[in-house]
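Q: Sharing run-v5.pdb here; it has PDB, C-alpha atoms.
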```pdb
ATOM      1  CA  MET A   1      -5.801 -11.977  27.944  1.00  0.00           C
ATOM      2  CA  ALA A   2      -8.790 -11.624  30.246  1.00  0.00           C
ATOM      3  CA  ARG A   3     -11.102  -8.679  29.724  1.00  0.00           C
ATOM      4  CA  SER A   4     -12.347  -7.283  33.004  1.00  0.00           C
ATOM      5  CA  ALA A   5     -15.637  -5.428  33.199  1.00  0.00           C
ATOM      6  CA  ALA A   6     -13.721  -2.359  34.385  1.00  0.00           C
ATOM      7  CA  SER A   7     -11.610  -2.242  31.218  1.00  0.00           C
ATOM      8  CA  LYS A   8     -14.511  -2.705  28.809  1.00  0.00           C
ATOM      9  CA  PRO A   9     -15.768   0.653  27.505  1.00  0.00           C
ATOM     10  CA  PRO A  10     -19.476   1.441  27.386  1.00  0.00           C
ATOM     11  CA  GLY A  11     -20.597   0.349  23.938  1.00  0.00           C
ATOM     12  CA  ILE A  12     -18.526  -1.987  21.818  1.00  0.00           C
ATOM     13  CA  PRO A  13     -16.255  -0.163  19.321  1.00  0.00           C
ATOM     14  CA  ASP A  14     -16.314  -1.184  15.674  1.00  0.00           C
ATOM     15  CA  ILE A  15     -12.612  -0.435  15.158  1.00  0.00           C
ATOM     16  CA  SER A  16      -9.612  -1.048  17.392  1.00  0.00           C
ATOM     17  CA  VAL A  17      -6.437   0.810  16.413  1.00  0.00           C
ATOM     18  CA  VAL A  18      -3.445  -1.108  17.801  1.00  0.00           C
ATOM     19  CA  VAL A  19      -0.031   0.553  18.086  1.00  0.00           C
ATOM     20  CA  PRO A  20       3.060  -1.262  19.458  1.00  0.00           C
ATOM     21  CA  VAL A  21       5.618   1.068  21.058  1.00  0.00           C
ATOM     22  CA  PHE A  22       9.064   0.658  22.563  1.00  0.00           C
ATOM     23  CA  ASP A  23      11.000   3.709  23.757  1.00  0.00           C
ATOM     24  CA  GLU A  24       8.827   6.123  21.774  1.00  0.00           C
ATOM     25  CA  GLU A  25       8.263   8.813  24.404  1.00  0.00           C
ATOM     26  CA  GLY A  26       8.866  11.507  21.806  1.00  0.00           C
ATOM     27  CA  ALA A  27       6.547  10.138  19.117  1.00  0.00           C
ATOM     28  CA  ALA A  28       3.727   8.355  20.961  1.00  0.00           C
ATOM     29  CA  PRO A  29       1.661  11.269  22.359  1.00  0.00           C
ATOM     30  CA  ALA A  30       1.525  13.150  19.043  1.00  0.00           C
ATOM     31  CA  LEU A  31       0.681   9.911  17.240  1.00  0.00           C
ATOM     32  CA  ALA A  32      -2.180   9.193  19.655  1.00  0.00           C
ATOM     33  CA  ARG A  33      -3.633  12.628  18.961  1.00  0.00           C
ATOM     34  CA  GLU A  34      -3.321  12.100  15.206  1.00  0.00           C
ATOM     35  CA  ILE A  35      -5.112   8.745  15.414  1.00  0.00           C
ATOM     36  CA  ALA A  36      -7.941  10.271  17.456  1.00  0.00           C
ATOM     37  CA  ALA A  37      -8.328  13.034  14.853  1.00  0.00           C
ATOM     38  CA  ALA A  38      -8.223  10.595  11.916  1.00  0.00           C
ATOM     39  CA  PHE A  39     -10.938   8.356  13.372  1.00  0.00           C
ATOM     40  CA  LYS A  40     -13.093  11.115  14.831  1.00  0.00           C
ATOM     41  CA  GLY A  41     -16.764  10.344  14.218  1.00  0.00           C
ATOM     42  CA  ARG A  42     -16.142   6.589  14.000  1.00  0.00           C
ATOM     43  CA  ASN A  43     -16.864   4.143  16.784  1.00  0.00           C
ATOM     44  CA  HIS A  44     -13.312   3.247  17.764  1.00  0.00           C
ATOM     45  CA  GLU A  45     -10.804   2.624  20.502  1.00  0.00           C
ATOM     46  CA  ILE A  46      -7.044   3.254  20.459  1.00  0.00           C
ATOM     47  CA  ILE A  47      -4.757   0.689  22.079  1.00  0.00           C
ATOM     48  CA  PHE A  48      -1.086   1.449  22.613  1.00  0.00           C
ATOM     49  CA  VAL A  49       0.941  -1.555  23.746  1.00  0.00           C
ATOM     50  CA  ASP A  50       4.070  -0.537  25.614  1.00  0.00           C
ATOM     51  CA  ASP A  51       6.655  -3.280  25.080  1.00  0.00           C
ATOM     52  CA  ALA A  52       8.479  -2.645  28.390  1.00  0.00           C
ATOM     53  CA  SER A  53       9.876   0.738  27.349  1.00  0.00           C
ATOM     54  CA  ARG A  54      12.843   2.090  29.308  1.00  0.00           C
ATOM     55  CA  ASP A  55      11.863   5.730  28.891  1.00  0.00           C
ATOM     56  CA  GLY A  56       8.724   7.713  29.720  1.00  0.00           C
ATOM     57  CA  THR A  57       6.530   6.271  26.950  1.00  0.00           C
ATOM     58  CA  ARG A  58       4.009   4.714  29.311  1.00  0.00           C
ATOM     59  CA  ALA A  59       3.655   7.778  31.515  1.00  0.00           C
ATOM     60  CA  ALA A  60       3.328  10.073  28.500  1.00  0.00           C
ATOM     61  CA  LEU A  61       0.484   7.980  27.116  1.00  0.00           C
ATOM     62  CA  LYS A  62      -1.284   7.624  30.458  1.00  0.00           C
ATOM     63  CA  GLY A  63      -1.193  11.406  30.727  1.00  0.00           C
ATOM     64  CA  LEU A  64      -3.518  11.599  27.709  1.00  0.00           C
ATOM     65  CA  SER A  65      -6.372   9.656  29.320  1.00  0.00           C
ATOM     66  CA  ALA A  66      -8.506  12.744  29.969  1.00  0.00           C
ATOM     67  CA  GLU A  67      -7.771  14.276  26.563  1.00  0.00           C
ATOM     68  CA  ILE A  68      -8.393  11.043  24.599  1.00  0.00           C
ATOM     69  CA  PRO A  69     -10.944   8.947  26.527  1.00  0.00           C
ATOM     70  CA  GLN A  70     -10.934   6.183  23.900  1.00  0.00           C
ATOM     71  CA  LEU A  71      -7.207   5.595  24.524  1.00  0.00           C
ATOM     72  CA  ARG A  72      -6.162   2.425  26.351  1.00  0.00           C
ATOM     73  CA  VAL A  73      -2.595   1.559  27.336  1.00  0.00           C
ATOM     74  CA  LEU A  74      -1.500  -2.046  27.754  1.00  0.00           C
ATOM     75  CA  ALA A  75       1.972  -2.828  29.061  1.00  0.00           C
ATOM     76  CA  HIS A  76       4.275  -5.824  28.757  1.00  0.00           C
ATOM     77  CA  ARG A  77       6.235  -6.725  31.859  1.00  0.00           C
ATOM     78  CA  LYS A  78       9.138  -7.871  29.667  1.00  0.00           C
ATOM     79  CA  ASN A  79      10.249  -6.717  26.228  1.00  0.00           C
ATOM     80  CA  SER A  80       8.862  -9.259  23.740  1.00  0.00           C
ATOM     81  CA  GLY A  81       9.061  -7.638  20.318  1.00  0.00           C
ATOM     82  CA  GLN A  82       6.729  -5.942  17.865  1.00  0.00           C
ATOM     83  CA  SER A  83       4.718  -8.993  16.830  1.00  0.00           C
ATOM     84  CA  ARG A  84       3.944  -9.980  20.410  1.00  0.00           C
ATOM     85  CA  ALA A  85       2.928  -6.394  21.223  1.00  0.00           C
ATOM     86  CA  ILE A  86       0.570  -6.359  18.237  1.00  0.00           C
ATOM     87  CA  ARG A  87      -0.904  -9.685  19.314  1.00  0.00           C
ATOM     88  CA  SER A  88      -1.377  -8.478  22.899  1.00  0.00           C
ATOM     89  CA  GLY A  89      -3.260  -5.464  21.579  1.00  0.00           C
ATOM     90  CA  ILE A  90      -5.462  -7.593  19.323  1.00  0.00           C
ATOM     91  CA  LEU A  91      -6.240 -10.051  22.114  1.00  0.00           C
ATOM     92  CA  GLY A  92      -7.271  -7.146  24.314  1.00  0.00           C
ATOM     93  CA  ALA A  93      -9.216  -5.346  21.576  1.00  0.00           C
ATOM     94  CA  HIS A  94     -13.000  -5.052  21.506  1.00  0.00           C
ATOM     95  CA  GLY A  95     -13.448  -4.111  17.836  1.00  0.00           C
ATOM     96  CA  ALA A  96     -14.140  -6.586  15.041  1.00  0.00           C
ATOM     97  CA  VAL A  97     -11.843  -4.582  12.738  1.00  0.00           C
ATOM     98  CA  ILE A  98      -8.216  -4.029  13.683  1.00  0.00           C
ATOM     99  CA  VAL A  99      -6.011  -1.252  12.340  1.00  0.00           C
ATOM    100  CA  THR A 100      -2.295  -1.496  13.068  1.00  0.00           C
ATOM    101  CA  LEU A 101       0.394   1.086  12.535  1.00  0.00           C
ATOM    102  CA  ASP A 102       3.971   1.522  13.714  1.00  0.00           C
ATOM    103  CA  GLY A 103       4.632   3.560  16.826  1.00  0.00           C
ATOM    104  CA  ASP A 104       7.414   5.712  15.370  1.00  0.00           C
ATOM    105  CA  GLY A 105       5.061   8.088  13.542  1.00  0.00           C
ATOM    106  CA  GLN A 106       6.213   7.196  10.019  1.00  0.00           C
ATOM    107  CA  ASN A 107       2.820   5.694   9.117  1.00  0.00           C
ATOM    108  CA  ASP A 108       0.202   8.398   8.550  1.00  0.00           C
ATOM    109  CA  PRO A 109      -2.939   7.746  10.647  1.00  0.00           C
ATOM    110  CA  ALA A 110      -4.969   9.753   8.124  1.00  0.00           C
ATOM    111  CA  ASP A 111      -4.684   6.780   5.731  1.00  0.00           C
ATOM    112  CA  GLY A 112      -6.235   4.364   8.222  1.00  0.00           C
ATOM    113  CA  PRO A 113      -9.936   5.104   7.597  1.00  0.00           C
ATOM    114  CA  ALA A 114      -9.529   4.486   3.840  1.00  0.00           C
ATOM    115  CA  LEU A 115      -8.133   1.014   4.534  1.00  0.00           C
ATOM    116  CA  VAL A 116     -11.069   0.294   6.842  1.00  0.00           C
ATOM    117  CA  ASP A 117     -13.567   1.504   4.238  1.00  0.00           C
ATOM    118  CA  ALA A 118     -11.981  -0.692   1.550  1.00  0.00           C
ATOM    119  CA  LEU A 119     -12.096  -3.681   3.885  1.00  0.00           C
ATOM    120  CA  MET A 120     -15.772  -3.175   4.747  1.00  0.00           C
ATOM    121  CA  ALA A 121     -16.733  -2.533   1.107  1.00  0.00           C
ATOM    122  CA  GLY A 122     -15.207  -5.814  -0.021  1.00  0.00           C
ATOM    123  CA  PRO A 123     -16.694  -9.307   0.066  1.00  0.00           C
ATOM    124  CA  PRO A 124     -16.798 -11.267   3.351  1.00  0.00           C
ATOM    125  CA  GLU A 125     -13.740 -13.225   2.192  1.00  0.00           C
ATOM    126  CA  LEU A 126     -11.649 -10.041   2.134  1.00  0.00           C
ATOM    127  CA  ALA A 127      -9.833 -10.206   5.465  1.00  0.00           C
ATOM    128  CA  LEU A 128      -6.969  -7.721   5.084  1.00  0.00           C
ATOM    129  CA  VAL A 129      -6.237  -4.451   3.293  1.00  0.00           C
ATOM    130  CA  GLY A 130      -2.587  -3.497   3.624  1.00  0.00           C
ATOM    131  CA  GLY A 131      -0.810  -0.252   2.949  1.00  0.00           C
ATOM    132  CA  GLU A 132       1.932   0.085   0.354  1.00  0.00           C
ATOM    133  CA  ARG A 133       4.286   2.949   1.162  1.00  0.00           C
ATOM    134  CA  VAL A 134       4.889   5.449  -1.619  1.00  0.00           C
ATOM    135  CA  LYS A 135       7.788   7.926  -1.584  1.00  0.00           C
ATOM    136  CA  ARG A 136       9.409   6.138   1.338  1.00  0.00           C
ATOM    137  CA  GLN A 137      11.231   8.412   3.752  1.00  0.00           C
ATOM    138  CA  ASP A 138      14.056   6.024   4.653  1.00  0.00           C
ATOM    139  CA  SER A 139      17.767   5.835   3.932  1.00  0.00           C
ATOM    140  CA  ALA A 140      18.876   4.527   0.542  1.00  0.00           C
ATOM    141  CA  ALA A 141      20.356   1.416   2.174  1.00  0.00           C
ATOM    142  CA  LYS A 142      17.124   0.644   3.979  1.00  0.00           C
ATOM    143  CA  LYS A 143      15.050   1.101   0.820  1.00  0.00           C
ATOM    144  CA  VAL A 144      17.333  -1.184  -1.187  1.00  0.00           C
ATOM    145  CA  ALA A 145      17.279  -3.868   1.531  1.00  0.00           C
ATOM    146  CA  SER A 146      13.488  -3.637   1.732  1.00  0.00           C
ATOM    147  CA  ARG A 147      13.098  -3.878  -2.042  1.00  0.00           C
ATOM    148  CA  ILE A 148      15.246  -7.006  -2.169  1.00  0.00           C
ATOM    149  CA  GLY A 149      13.534  -8.582   0.832  1.00  0.00           C
ATOM    150  CA  ASN A 150      10.049  -7.898  -0.503  1.00  0.00           C
ATOM    151  CA  GLY A 151      10.991  -9.270  -3.909  1.00  0.00           C
ATOM    152  CA  VAL A 152      12.393 -12.522  -2.515  1.00  0.00           C
ATOM    153  CA  ARG A 153       9.467 -12.996  -0.150  1.00  0.00           C
ATOM    154  CA  LYS A 154       6.865 -12.285  -2.841  1.00  0.00           C
ATOM    155  CA  ARG A 155       8.525 -14.732  -5.248  1.00  0.00           C
ATOM    156  CA  LEU A 156       8.734 -17.526  -2.681  1.00  0.00           C
ATOM    157  CA  LEU A 157       5.395 -17.063  -0.913  1.00  0.00           C
ATOM    158  CA  LYS A 158       3.346 -15.761  -3.879  1.00  0.00           C
ATOM    159  CA  ASP A 159       1.439 -13.506  -1.475  1.00  0.00           C
ATOM    160  CA  THR A 160       0.869 -10.674  -4.042  1.00  0.00           C
ATOM    161  CA  ALA A 161       2.159  -8.106  -1.503  1.00  0.00           C
ATOM    162  CA  ASN A 162       4.717  -5.526  -2.612  1.00  0.00           C
ATOM    163  CA  ASP A 163       5.353  -4.095   0.866  1.00  0.00           C
ATOM    164  CA  THR A 164       4.619  -6.316   3.855  1.00  0.00           C
ATOM    165  CA  GLY A 165       6.955  -4.155   5.958  1.00  0.00           C
ATOM    166  CA  CYS A 166       4.345  -1.395   6.033  1.00  0.00           C
ATOM    167  CA  GLY A 167       2.871  -1.408   9.530  1.00  0.00           C
ATOM    168  CA  LEU A 168      -0.389   0.230   8.420  1.00  0.00           C
ATOM    169  CA  LYS A 169      -2.976  -2.498   7.847  1.00  0.00           C
ATOM    170  CA  ALA A 170      -6.693  -3.042   8.407  1.00  0.00           C
ATOM    171  CA  PHE A 171      -7.963  -6.574   8.971  1.00  0.00           C
ATOM    172  CA  ARG A 172     -10.638  -8.633  10.638  1.00  0.00           C
ATOM    173  CA  ARG A 173      -9.810  -9.622  14.214  1.00  0.00           C
ATOM    174  CA  GLU A 174     -11.422 -13.033  13.813  1.00  0.00           C
ATOM    175  CA  ALA A 175      -9.236 -13.805  10.795  1.00  0.00           C
ATOM    176  CA  PHE A 176      -6.049 -12.845  12.642  1.00  0.00           C
ATOM    177  CA  LEU A 177      -6.925 -15.111  15.559  1.00  0.00           C
ATOM    178  CA  ARG A 178      -7.115 -18.073  13.167  1.00  0.00           C
ATOM    179  CA  LEU A 179      -3.458 -17.665  12.201  1.00  0.00           C
ATOM    180  CA  PRO A 180      -0.570 -19.594  13.780  1.00  0.00           C
ATOM    181  CA  TYR A 181       1.448 -17.196  15.925  1.00  0.00           C
ATOM    182  CA  PHE A 182       5.236 -16.770  15.757  1.00  0.00           C
ATOM    183  CA  ASP A 183       7.664 -13.901  16.252  1.00  0.00           C
ATOM    184  CA  HIS A 184       7.726 -11.499  13.256  1.00  0.00           C
ATOM    185  CA  ILE A 185       4.284 -12.710  12.117  1.00  0.00           C
ATOM    186  CA  HIS A 186       3.331  -9.090  11.365  1.00  0.00           C
ATOM    187  CA  ARG A 187       5.527  -9.211   8.233  1.00  0.00           C
ATOM    188  CA  TYR A 188       3.743 -12.278   6.847  1.00  0.00           C
ATOM    189  CA  LEU A 189       0.073 -11.506   7.435  1.00  0.00           C
ATOM    190  CA  PRO A 190      -0.926 -11.449   3.720  1.00  0.00           C
ATOM    191  CA  ALA A 191       0.603 -14.882   3.055  1.00  0.00           C
ATOM    192  CA  LEU A 192      -0.917 -16.364   6.211  1.00  0.00           C
ATOM    193  CA  MET A 193      -4.345 -14.855   5.509  1.00  0.00           C
ATOM    194  CA  GLN A 194      -4.252 -16.329   1.999  1.00  0.00           C
ATOM    195  CA  ARG A 195      -3.205 -19.682   3.485  1.00  0.00           C
ATOM    196  CA  GLU A 196      -6.500 -19.684   5.420  1.00  0.00           C
ATOM    197  CA  GLY A 197      -8.451 -19.006   2.218  1.00  0.00           C
ATOM    198  CA  TYR A 198      -9.005 -15.281   2.756  1.00  0.00           C
ATOM    199  CA  LEU A 199      -8.581 -12.528   0.182  1.00  0.00           C
ATOM    200  CA  THR A 200      -6.177  -9.615   0.637  1.00  0.00           C
ATOM    201  CA  ALA A 201      -5.870  -6.230  -1.042  1.00  0.00           C
ATOM    202  CA  PHE A 202      -3.482  -3.281  -0.943  1.00  0.00           C
ATOM    203  CA  LEU A 203      -3.708   0.503  -1.223  1.00  0.00           C
ATOM    204  CA  PRO A 204      -1.000   3.171  -1.530  1.00  0.00           C
ATOM    205  CA  VAL A 205      -0.358   5.092   1.690  1.00  0.00           C
ATOM    206  CA  ASN A 206       1.776   8.001   2.806  1.00  0.00           C
ATOM    207  CA  HIS A 207       5.146   7.553   4.517  1.00  0.00           C
ATOM    208  CA  ARG A 208       6.847  10.137   6.712  1.00  0.00           C
ATOM    209  CA  HIS A 209      10.251  10.948   8.151  1.00  0.00           C
ATOM    210  CA  ARG A 210      10.925   9.712  11.663  1.00  0.00           C
ATOM    211  CA  GLN A 211      10.914  12.835  13.848  1.00  0.00           C
ATOM    212  CA  THR A 212      12.165  11.379  17.148  1.00  0.00           C
ATOM    213  CA  GLY A 213      13.823   8.254  18.494  1.00  0.00           C
ATOM    214  CA  ALA A 214      15.743   5.629  16.536  1.00  0.00           C
ATOM    215  CA  SER A 215      14.906   2.526  14.519  1.00  0.00           C
ATOM    216  CA  LYS A 216      14.831  -0.689  16.557  1.00  0.00           C
ATOM    217  CA  TYR A 217      16.022  -2.786  13.597  1.00  0.00           C
ATOM    218  CA  THR A 218      19.139  -3.077  11.453  1.00  0.00           C
ATOM    219  CA  ASN A 219      19.295  -4.330   7.864  1.00  0.00           C
ATOM    220  CA  LEU A 220      21.468  -7.273   8.964  1.00  0.00           C
ATOM    221  CA  GLY A 221      19.095  -8.124  11.788  1.00  0.00           C
ATOM    222  CA  ARG A 222      16.110  -8.107   9.462  1.00  0.00           C
ATOM    223  CA  LEU A 223      17.932 -10.310   6.945  1.00  0.00           C
ATOM    224  CA  TRP A 224      18.942 -12.868   9.557  1.00  0.00           C
ATOM    225  CA  ALA A 225      15.411 -13.128  10.962  1.00  0.00           C
ATOM    226  CA  SER A 226      13.751 -13.199   7.538  1.00  0.00           C
ATOM    227  CA  LEU A 227      15.729 -16.235   6.374  1.00  0.00           C
ATOM    228  CA  SER A 228      14.399 -18.341   9.222  1.00  0.00           C
ATOM    229  CA  ASP A 229      10.899 -16.837   9.007  1.00  0.00           C
ATOM    230  CA  LEU A 230      10.621 -17.491   5.265  1.00  0.00           C
ATOM    231  CA  GLN A 231      11.492 -21.143   5.744  1.00  0.00           C
ATOM    232  CA  GLY A 232       8.843 -21.415   8.445  1.00  0.00           C
ATOM    233  CA  VAL A 233       6.095 -19.765   6.391  1.00  0.00           C
ATOM    234  CA  ILE A 234       6.956 -21.889   3.345  1.00  0.00           C
ATOM    235  CA  TRP A 235       6.588 -24.953   5.568  1.00  0.00           C
ATOM    236  CA  LEU A 236       3.239 -23.706   6.895  1.00  0.00           C
ATOM    237  CA  GLN A 237       2.007 -23.171   3.341  1.00  0.00           C
ATOM    238  CA  SER A 238       3.097 -26.681   2.370  1.00  0.00           C
ATOM    239  CA  ARG A 239       1.092 -28.165   5.252  1.00  0.00           C
ATOM    240  CA  ALA A 240      -2.125 -26.217   4.612  1.00  0.00           C
ATOM    241  CA  ARG A 241      -5.258 -28.111   3.589  1.00  0.00           C
ATOM    242  CA  ASN A 242      -8.146 -25.762   2.919  1.00  0.00           C
ATOM    243  CA  PRO A 243     -11.694 -27.219   2.941  1.00  0.00           C
ATOM    244  CA  GLY A 244     -13.032 -24.354   0.812  1.00  0.00           C
ATOM    245  CA  GLY A 245     -15.658 -23.514   3.420  1.00  0.00           C
ATOM    246  CA  VAL A 246     -17.645 -25.313   6.101  1.00  0.00           C
ATOM    247  CA  ASP A 247     -21.387 -26.031   5.768  1.00  0.00           C
ATOM    248  CA  GLU A 248     -23.725 -27.236   8.485  1.00  0.00           C
ATOM    249  CA  VAL A 249     -25.925 -30.005   7.049  1.00  0.00           C
TER     250      VAL A 249
END
```
Could you rewrite the structure in this file as structure tokens?
A:
Amino acid sequence: MARSAASKPPGIPDISVVVPVFDEEGAAPALAREIAAAFKGRNHEIIFVDDASRDGTRAALKGLSAEIPQLRVLAHRKNSGQSRAIRSGILGAHGAVIVTLDGDGQNDPADGPALVDALMAGPPELALVGGERVKRQDSAAKKVASRIGNGVRKRLLKDTANDTGCGLKAFRREAFLRLPYFDHIHRYLPALMQREGYLTAFLPVNHRHRQTGASKYTNLGRLWASLSDLQGVIWLQSRARNPGGVDEV
């Protein structure tokens, strides 16, 4: 994605908060305000990526431009899914640190700065700090399906993550851009970061009830996609050859 001079804000932000949204007219404006409040006093930008919404999501966000000057809105011409929206936001981001969270408002933006602080306090090899949702505000069926899926994935990939479905993560932009891209990559970031030789860590975060809109996923849909994705990530892990670092001599 090309960055025009007109779109580049004065002064490079340290943090880019990337939020994918699809038909979230009800949740997106309030979430944007919460993010701005959570990161107040930090050098940041907020990027909402509208994945070709069919409602007024884009217009609602654009209407906040005067109220939240650090807000940018990118828009897909065609619906391409959550992972592609996240990637579009990261490609267009100016910050070296990326924070992602879901656009439905269930992730609490107030937890974002703590993830960033933990990332920056760690060694250079620490590339990602992910959130682990406590007291999940989902249906019993969804929680059971998530627990099973996380358990199977963790056992097969050995990625040490208890909750890769949590959209709230802080990571280094450069590290993300080293990863092979595929649909649903956002659920496998810890395993893929570790494949590249990076360290990952996790912190407990808040989880909230969805106030508006509806989930874009079903348990069956997640299961079907995860079977194929797991096979692909296992293959990627089997083909990794890590040099342990590169020295100029």
Q: Is there a way to get, as a PyMOL selection string, all residues within 9 Å of the point (4.8, 4.4, 4.8) in file coordinates, counting all atoms listed in the file?
A: chain A and resi 106-108+131-137+165-168+204-208
Q: Report as number ranges by chain the full result of the PyMOL selection byres ((chain A and resi 45) around 9) when it is applied to this structure.
A: A: 9, 13-18, 36, 43-44, 46-47, 69-72, 93-95
Q: With the cut-off set at 9 Å and counting all atoms listed in the file, tabulate each residue of region 90-141 of chain A with an atom at most that distance from an atom of region 73-85 of chain A, showing the nearest atom pair and its distance in Å to one decimal, ordered by chain and increasing number, as a Markdown table.
A:
```
| residue | atom | partner | partner_atom | distance |
| --- | --- | --- | --- | --- |
| A:Ile90 | CA | A:Ala85 | CA | 8.7 |
| A:Gly92 | CA | A:Leu74 | CA | 8.4 |
| A:Asp102 | CA | A:Gln82 | CA | 9.0 |
```
Q: Suppose you want the space between CA of Val19 (chain A) and CA of Leu61 (chain A); what is it in Å?
A: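 According to the coordinates, CA of Val19 (chain A) and CA of Leu61 (chain A) are separated by 11.7 Å.
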Q: So that I can check the surroundings of Glu196 (chain A), please list as a list in words every protein, DNA and RNA residue that reaches within 12 Å of it, counting all atoms listed in the file and ignoring chain neighbours fewer than 4 positions away.
A: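 Close residues of Glu196 (chain A): Glu125, Leu126, Ala127, Leu128, Glu174, Ala175, Phe176, Leu177, Arg178, Leu179, Pro180, Leu189, Pro190, Ala191, Leu192, Thr200, Leu236, Gln237, Arg239, Ala240, Arg241, Asn242, Pro243, Gly244 and Gly245 of chain A.
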Q: Find the residue from A:Met193, A:Ile86, A:Val97, A:Val129 that sits nearest to Phe22 (chain A); use all atoms listed in the file when measuring.
A: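 Checking each of A:Met193, A:Ile86, A:Val97, A:Val129 against Phe22 (chain A), counting all atoms listed in the file, the winner is A:Ile86.
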Q: Between CA of Leu203 (chain A) and CA of Tyr181 (chain A), measure the distance and give it in Å to one decimal.
A: 25.2 Å
Q: Need to verify the contact set: Gly26 (chain A), 12 Å, all atoms listed in the file, exclusion of same-chain residues closer than 6 positions in sequence. Can you return it as a ChimeraX atom specification?
A: /A:32,55-61,103-105,210-214
Q: Starting from the shown file, work through the PyMOL selection byres ((chain A and resi 234) around 12) and note down what comes out as a PDB file with C-alpha atoms, keeping the file's coordinate frame.
A:
```pdb
ATOM      1  CA  ARG A 153       9.467 -12.996  -0.150  1.00  0.00           C
ATOM      2  CA  LYS A 154       6.865 -12.285  -2.841  1.00  0.00           C
ATOM      3  CA  ARG A 155       8.525 -14.732  -5.248  1.00  0.00           C
ATOM      4  CA  LEU A 156       8.734 -17.526  -2.681  1.00  0.00           C
ATOM      5  CA  LEU A 157       5.395 -17.063  -0.913  1.00  0.00           C
ATOM      6  CA  LYS A 158       3.346 -15.761  -3.879  1.00  0.00           C
ATOM      7  CA  ASP A 159       1.439 -13.506  -1.475  1.00  0.00           C
ATOM      8  CA  TYR A 188       3.743 -12.278   6.847  1.00  0.00           C
ATOM      9  CA  ALA A 191       0.603 -14.882   3.055  1.00  0.00           C
ATOM     10  CA  LEU A 192      -0.917 -16.364   6.211  1.00  0.00           C
ATOM     11  CA  ARG A 195      -3.205 -19.682   3.485  1.00  0.00           C
ATOM     12  CA  SER A 226      13.751 -13.199   7.538  1.00  0.00           C
ATOM     13  CA  LEU A 227      15.729 -16.235   6.374  1.00  0.00           C
ATOM     14  CA  SER A 228      14.399 -18.341   9.222  1.00  0.00           C
ATOM     15  CA  ASP A 229      10.899 -16.837   9.007  1.00  0.00           C
ATOM     16  CA  LEU A 230      10.621 -17.491   5.265  1.00  0.00           C
ATOM     17  CA  GLN A 231      11.492 -21.143   5.744  1.00  0.00           C
ATOM     18  CA  GLY A 232       8.843 -21.415   8.445  1.00  0.00           C
ATOM     19  CA  VAL A 233       6.095 -19.765   6.391  1.00  0.00           C
ATOM     20  CA  TRP A 235       6.588 -24.953   5.568  1.00  0.00           C
ATOM     21  CA  LEU A 236       3.239 -23.706   6.895  1.00  0.00           C
ATOM     22  CA  GLN A 237       2.007 -23.171   3.341  1.00  0.00           C
ATOM     23  CA  SER A 238       3.097 -26.681   2.370  1.00  0.00           C
ATOM     24  CA  ARG A 239       1.092 -28.165   5.252  1.00  0.00           C
ATOM     25  CA  ALA A 240      -2.125 -26.217   4.612  1.00  0.00           C
TER      26      ALA A 240
END
```
Q: Since the input is missing atoms, can you rebuild N, CA, C and O atoms for region 153-161 of chain A and write them as a PDB file, in the coordinates of the input?
A:
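Just written: rebuild_6.pdb:
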```pdb
ATOM      1  N   ARG A 153      10.629 -12.457  -0.862  1.00  0.00           N
ATOM      2  CA  ARG A 153       9.467 -12.996  -0.150  1.00  0.00           C
ATOM      3  C   ARG A 153       8.275 -13.196  -1.084  1.00  0.00           C
ATOM      4  O   ARG A 153       7.602 -14.230  -1.060  1.00  0.00           O
ATOM      5  N   LYS A 154       8.006 -12.205  -1.928  1.00  0.00           N
ATOM      6  CA  LYS A 154       6.865 -12.285  -2.841  1.00  0.00           C
ATOM      7  C   LYS A 154       7.028 -13.441  -3.823  1.00  0.00           C
ATOM      8  O   LYS A 154       6.070 -14.159  -4.133  1.00  0.00           O
ATOM      9  N   ARG A 155       8.267 -13.653  -4.297  1.00  0.00           N
ATOM     10  CA  ARG A 155       8.525 -14.732  -5.248  1.00  0.00           C
ATOM     11  C   ARG A 155       8.337 -16.107  -4.593  1.00  0.00           C
ATOM     12  O   ARG A 155       7.775 -17.018  -5.179  1.00  0.00           O
ATOM     13  N   LEU A 156       8.788 -16.228  -3.348  1.00  0.00           N
ATOM     14  CA  LEU A 156       8.734 -17.526  -2.681  1.00  0.00           C
ATOM     15  C   LEU A 156       7.345 -17.837  -2.113  1.00  0.00           C
ATOM     16  O   LEU A 156       6.881 -18.976  -2.165  1.00  0.00           O
ATOM     17  N   LEU A 157       6.682 -16.826  -1.576  1.00  0.00           N
ATOM     18  CA  LEU A 157       5.395 -17.063  -0.913  1.00  0.00           C
ATOM     19  C   LEU A 157       4.201 -16.806  -1.831  1.00  0.00           C
ATOM     20  O   LEU A 157       3.093 -17.234  -1.516  1.00  0.00           O
ATOM     21  N   LYS A 158       4.433 -16.074  -2.936  1.00  0.00           N
ATOM     22  CA  LYS A 158       3.346 -15.761  -3.879  1.00  0.00           C
ATOM     23  C   LYS A 158       2.165 -15.102  -3.159  1.00  0.00           C
ATOM     24  O   LYS A 158       1.000 -15.452  -3.384  1.00  0.00           O
ATOM     25  N   ASP A 159       2.480 -14.134  -2.291  1.00  0.00           N
ATOM     26  CA  ASP A 159       1.439 -13.506  -1.475  1.00  0.00           C
ATOM     27  C   ASP A 159       0.879 -12.221  -2.086  1.00  0.00           C
ATOM     28  O   ASP A 159       0.033 -11.564  -1.473  1.00  0.00           O
ATOM     29  N   THR A 160       1.339 -11.839  -3.276  1.00  0.00           N
ATOM     30  CA  THR A 160       0.869 -10.674  -4.042  1.00  0.00           C
ATOM     31  C   THR A 160       1.161  -9.337  -3.355  1.00  0.00           C
ATOM     32  O   THR A 160       0.697  -8.295  -3.823  1.00  0.00           O
ATOM     33  N   ALA A 161       1.904  -9.337  -2.251  1.00  0.00           N
ATOM     34  CA  ALA A 161       2.159  -8.106  -1.503  1.00  0.00           C
ATOM     35  C   ALA A 161       3.496  -7.498  -1.919  1.00  0.00           C
ATOM     36  O   ALA A 161       4.513  -8.182  -1.932  1.00  0.00           O
TER      37      ALA A 161
END
```
